[in-house]
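Step one of this worksheet: look at the structure below.
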Amino acid sequence: MTKLHAIAAALPLAVALTVAPPAAAEGEVKSPLPGYVDGRGPTGPVELTIVSPKPDEVIPLAAEASGAGPGGGGAKGGEVSIRLELKNFELYRDEKTQTGQHVHIVLDNVRHFEQFDLTKAYVLRGIAKGTHTLRVFPARPWHESIKEPKAFATVTFHVGEKNGKYAPEAGAPLLTANAPQGKIPAAASAKLLFDFLVTGCTVAPEGTQDGCQVRYKLDDQPEVTVTTPGPFYWENVAPGKHRYIVALSRDGKLLPGPFNAPTLAFEIVGAAAPAAPAAPAAPAAPAAPATPAAGGGVPAP
């Protein structure tokens, strides 16, 4: 362990990390967080398929216009119609809480969009010229991702031309950061979901064959490495704006890829939430902060 990491390991971790218990395989799934309706299912192996856009499809680029769309293009940039098919996982929205099971749609490294009704296409407009990648996965009402082999789908397409900017290597280790993001009411912040998806390798301790590790750094807290796929919860996060970086590594070295070290932001708004109740039993402690090779640490957010 380097001197820097030895000092970091000795610092108190003000934001506690806890491991969530496994969700029920079927039937009703009780919401672990206030303000969210309970989950349902799945009713069998979950399978999500991207019907459109097609792999390597080139979508025409409309005339340039002022304003910026989600992909960084003008308001009349490329228009992408997203159609999905989902098996064995019910989507719904509760009228009272406006929460429910849905699909997360991630374009490149832009914050995810939510779709509750797959009978309609989800249309993204103003997409910049060049290569883009969509990643999609179903989620519980509280945004926890469904971690089944066929529940995650991805496609790389192009708008106007191919430039390879956002094109992960097929089959290579891929990190998809999920939560937290956006504005979160303080009343629901005693426990914050920390969730991600990893494909192309198995999240496991260092030295595991084909294994990889997920490392994160929240604000100025010490870097933490986790060696299981989660989900996890952060407790005692203060109100206000926060930034964190999450990265995919193997034996202390960051794994290459356009999405494997994103920086994300969220904000806790409103009055402070009461502290989370103590867990009935202490979960296994996360692995100590990684000791990467020179230059391999997670950069500060």
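Every chain in the structure tokens has a letter given in the order shown (A, B, ...), and although residue numbers restart at 1 in each chain, ligands are simply numbered from 1 in the order shown.
Every protein, DNA or RNA residue with an atom at most 12 Å from Pro239 (chain A), where only C-alpha atoms count and chain neighbours fewer than 2 positions away do not, is listed here: Lys183, Ile184, Pro185, Ala186, Ala187, Ala188, Ser189, Ala190, Leu192, Glu235, Asn236, Val237, Lys241, His242, Phe266, Glu267, Ile268, Val269, Gly270, Ala271, Ala272, Ala273 and Pro274 of chain A.
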Convert the current residue selection to file output with N, CA, C and O atoms, as a short mmCIF file (atom, residue, chain, number, x, y, z; two decimals), in the first residue's frame.
data_model
loop_
_atom_site.label_atom_id
_atom_site.label_comp_id
_atom_site.auth_asym_id
_atom_site.auth_seq_id
_atom_site.Cartn_x
_atom_site.Cartn_y
_atom_site.Cartn_z
N LYS A 183 -31.76 15.06 -8.88
CA LYS A 183 -32.18 15.64 -7.61
C LYS A 183 -32.93 14.61 -6.79
O LYS A 183 -33.81 13.92 -7.29
N ILE A 184 -32.57 14.51 -5.51
CA ILE A 184 -33.14 13.52 -4.60
C ILE A 184 -33.71 14.25 -3.39
O ILE A 184 -32.98 15.00 -2.72
N PRO A 185 -34.99 14.06 -3.08
CA PRO A 185 -35.56 14.71 -1.89
C PRO A 185 -34.84 14.26 -0.63
O PRO A 185 -34.54 13.08 -0.47
N ALA A 186 -34.60 15.19 0.27
CA ALA A 186 -33.89 14.85 1.51
C ALA A 186 -34.64 13.81 2.32
O ALA A 186 -34.03 12.98 3.00
N ALA A 187 -35.97 13.82 2.22
CA ALA A 187 -36.77 12.85 2.98
C ALA A 187 -36.48 11.42 2.56
O ALA A 187 -36.72 10.48 3.32
N ALA A 188 -35.94 11.24 1.34
CA ALA A 188 -35.65 9.90 0.84
C ALA A 188 -34.15 9.62 0.80
O ALA A 188 -33.71 8.68 0.14
N SER A 189 -33.36 10.43 1.51
CA SER A 189 -31.91 10.34 1.36
C SER A 189 -31.19 9.69 2.53
O SER A 189 -29.95 9.67 2.56
N ALA A 190 -31.91 9.18 3.53
CA ALA A 190 -31.23 8.52 4.65
C ALA A 190 -30.40 7.35 4.12
O ALA A 190 -29.32 7.05 4.63
N LEU A 192 -29.11 6.10 0.26
CA LEU A 192 -29.05 6.40 -1.17
C LEU A 192 -28.59 5.15 -1.92
O LEU A 192 -27.57 4.55 -1.58
N GLU A 235 -25.12 5.75 3.26
CA GLU A 235 -25.86 6.34 4.37
C GLU A 235 -25.12 7.56 4.89
O GLU A 235 -23.89 7.65 4.78
N ASN A 236 -25.87 8.49 5.45
CA ASN A 236 -25.32 9.71 6.07
C ASN A 236 -24.72 10.68 5.05
O ASN A 236 -23.76 11.39 5.34
N VAL A 237 -25.30 10.73 3.84
CA VAL A 237 -24.86 11.71 2.84
C VAL A 237 -25.53 13.05 3.16
O VAL A 237 -26.75 13.12 3.31
N LYS A 241 -25.08 19.47 -3.06
CA LYS A 241 -24.60 18.91 -4.32
C LYS A 241 -23.40 18.00 -4.08
O LYS A 241 -22.53 18.29 -3.26
N HIS A 242 -23.36 16.90 -4.82
CA HIS A 242 -22.29 15.92 -4.69
C HIS A 242 -21.84 15.44 -6.06
O HIS A 242 -22.64 15.40 -7.00
N PHE A 266 -25.21 14.38 -8.24
CA PHE A 266 -26.56 14.36 -7.70
C PHE A 266 -26.67 15.44 -6.65
O PHE A 266 -25.67 15.98 -6.16
N GLU A 267 -27.91 15.78 -6.32
CA GLU A 267 -28.16 16.83 -5.32
C GLU A 267 -29.27 16.39 -4.39
O GLU A 267 -30.33 15.94 -4.83
N ILE A 268 -29.01 16.49 -3.10
CA ILE A 268 -30.03 16.22 -2.09
C ILE A 268 -30.66 17.55 -1.71
O ILE A 268 -29.98 18.46 -1.23
N VAL A 269 -31.96 17.67 -1.96
CA VAL A 269 -32.65 18.94 -1.77
C VAL A 269 -33.66 18.83 -0.64
O VAL A 269 -34.23 17.78 -0.37
N GLY A 270 -33.89 19.96 0.06
CA GLY A 270 -34.86 20.00 1.14
C GLY A 270 -34.21 19.77 2.49
O GLY A 270 -32.98 19.73 2.64
N ALA A 271 -35.06 19.57 3.52
CA ALA A 271 -34.57 19.37 4.88
C ALA A 271 -33.84 18.04 4.99
O ALA A 271 -34.12 17.09 4.26
N ALA A 272 -32.91 17.96 5.92
CA ALA A 272 -32.13 16.74 6.12
C ALA A 272 -33.03 15.60 6.54
O ALA A 272 -33.97 15.77 7.30
N ALA A 273 -32.71 14.40 6.04
CA ALA A 273 -33.47 13.21 6.39
C ALA A 273 -32.95 12.64 7.70
O ALA A 273 -31.78 12.83 8.06
N PRO A 274 -33.79 11.93 8.46
CA PRO A 274 -33.30 11.27 9.68
C PRO A 274 -32.30 10.19 9.33
O PRO A 274 -32.30 9.64 8.24
#
- Message: Nearest residue to Glu148 (chain A) out of A:Thr263, A:Thr119, A:Ser249, A:Asn88, using only C-alpha atoms?
- Response: A:Asn88
- Query: At what distance in Å, to one decimal, does CA of Gly27 (chain A) lie from CA of Thr227 (chain A)?
  - Reply: 28.5 Å
- Task: Find the spatial neighbours of region 77-79 of chain A, counting only C-alpha atoms, within a cut-off of 7 Å - ignore same-chain residues fewer than 5 positions away - and output them as a list of chain:residue names.
- Result: A:Ile59, A:Pro60, A:Leu61, A:Ala62, A:Ala63, A:Glu64, A:Val123, A:Leu124, A:Arg125, A:Gly126, A:Ile127, A:Ala128, A:Val159
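Within 8 Å of Ala20 (chain A), once only C-alpha atoms are used and residues closer than 5 positions along the same chain are dropped, the contacting residues are A:Gly230, A:Pro231, A:Phe232, A:Tyr233.
Interatomic distance, CA of Leu197 (chain A) against CA of Leu48 (chain A): 14.5 Å.
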- Between CA of Pro173 (chain A) and CA of Gly257 (chain A) - distance in Å to one decimal: 8.0 Å
- Excluding same-chain residues fewer than 5 positions from Ala265 (chain A), what lies within 9 Å of it counting only C-alpha atoms, as a PyMOL selection string? chain A and resi 180-182+241-245
Given the selection you just returned, output its residues as a file containing N, CA and C atoms, formatted as a tab-separated table (two decimals), in the first residue's frame.
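So the final result, stored in result_0.tsv, reads:
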chain	number	residue	atom	x	y	z
A	180	PRO	N	-26.53	6.99	-7.59
A	180	PRO	CA	-27.55	8.03	-7.69
A	180	PRO	C	-27.24	9.05	-8.78
A	181	GLN	N	-28.31	9.72	-9.27
A	181	GLN	CA	-28.19	10.80	-10.23
A	181	GLN	C	-29.35	11.76	-10.02
A	182	GLY	N	-29.17	13.00	-10.46
A	182	GLY	CA	-30.25	13.98	-10.43
A	182	GLY	C	-30.55	14.52	-9.05
A	241	LYS	N	-25.08	19.47	-3.06
A	241	LYS	CA	-24.60	18.91	-4.32
A	241	LYS	C	-23.40	18.00	-4.08
A	242	HIS	N	-23.36	16.90	-4.82
A	242	HIS	CA	-22.29	15.92	-4.69
A	242	HIS	C	-21.84	15.44	-6.06
A	243	ARG	N	-20.57	15.07	-6.15
A	243	ARG	CA	-20.02	14.48	-7.37
A	243	ARG	C	-19.26	13.21	-6.98
A	244	TYR	N	-19.30	12.24	-7.86
A	244	TYR	CA	-18.52	11.04	-7.61
A	244	TYR	C	-18.06	10.45	-8.94
A	245	ILE	N	-16.95	9.76	-8.88
A	245	ILE	CA	-16.45	9.04	-10.05
A	245	ILE	C	-16.45	7.56	-9.70
- Task: Using DSSP on the backbone, list every residue of region 34-163 of chain A that comes out as strand (DSSP E or B), and give them as a PyMOL selection string.
- Result: chain A and resi 39-40+47-52+58-59+78-87+102-107+113-115+122-127+130-139+145+153-159+161
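Minimum atom-to-atom distances from A:Gly41, A:Pro262, A:Gly211, A:Pro53 to Ala179 (chain A) were compared using only C-alpha atoms, and the lowest value belongs to A:Pro262.
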- Query: Contacts of Asp108 (chain A) at 7 Å or less, counting only C-alpha atoms, minus same-chain residues fewer than 4 places along, as a list in words?
  - Reply: His132, Thr133, Leu134 and Tyr166 of chain A
N, CA and C atoms of the current selection, written as a JSON list (two decimals), in the first residue's frame:
[["chain", "number", "residue", "atom", "x", "y", "z"],
["A", 132, "HIS", "N", -22.61, 6.75, -31.69],
["A", 132, "HIS", "CA", -23.24, 6.77, -30.37],
["A", 132, "HIS", "C", -23.56, 5.34, -29.93],
["A", 133, "THR", "N", -23.69, 5.16, -28.63],
["A", 133, "THR", "CA", -24.05, 3.85, -28.07],
["A", 133, "THR", "C", -25.20, 4.00, -27.10],
["A", 134, "LEU", "N", -26.22, 3.16, -27.27],
["A", 134, "LEU", "CA", -27.33, 3.07, -26.33],
["A", 134, "LEU", "C", -27.12, 1.89, -25.42],
["A", 166, "TYR", "N", -17.98, 7.12, -29.45],
["A", 166, "TYR", "CA", -18.62, 6.40, -28.34],
["A", 166, "TYR", "C", -18.90, 4.97, -28.79]]
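Counting only C-alpha atoms, the residue from A:Tyr122, A:Pro55, A:Leu84, A:Phe116 that sits nearest to Ala170 (chain A) is A:Pro55.
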- Arg215 (chain A): which residues within 8 Å, counting only C-alpha atoms, same-chain residues fewer than 6 positions away excluded, as a count of residues only? 10
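Comparing the minimum interatomic distances between Asp56 (chain A) and each of A:Leu17, A:Ala167, A:Ala139, A:Val214, counting only C-alpha atoms, we find that A:Ala167 sits nearest.
Among the candidates A:Leu174, A:Val46, A:Val203, A:Val80, the residue lying nearest to Val58 (chain A) is A:Val80 (atoms considered: only C-alpha atoms).
Nearest residue to Pro258 (chain A), choosing from A:Glu169, A:Glu85, A:Glu47, A:Glu28 and counting only C-alpha atoms: A:Glu169.
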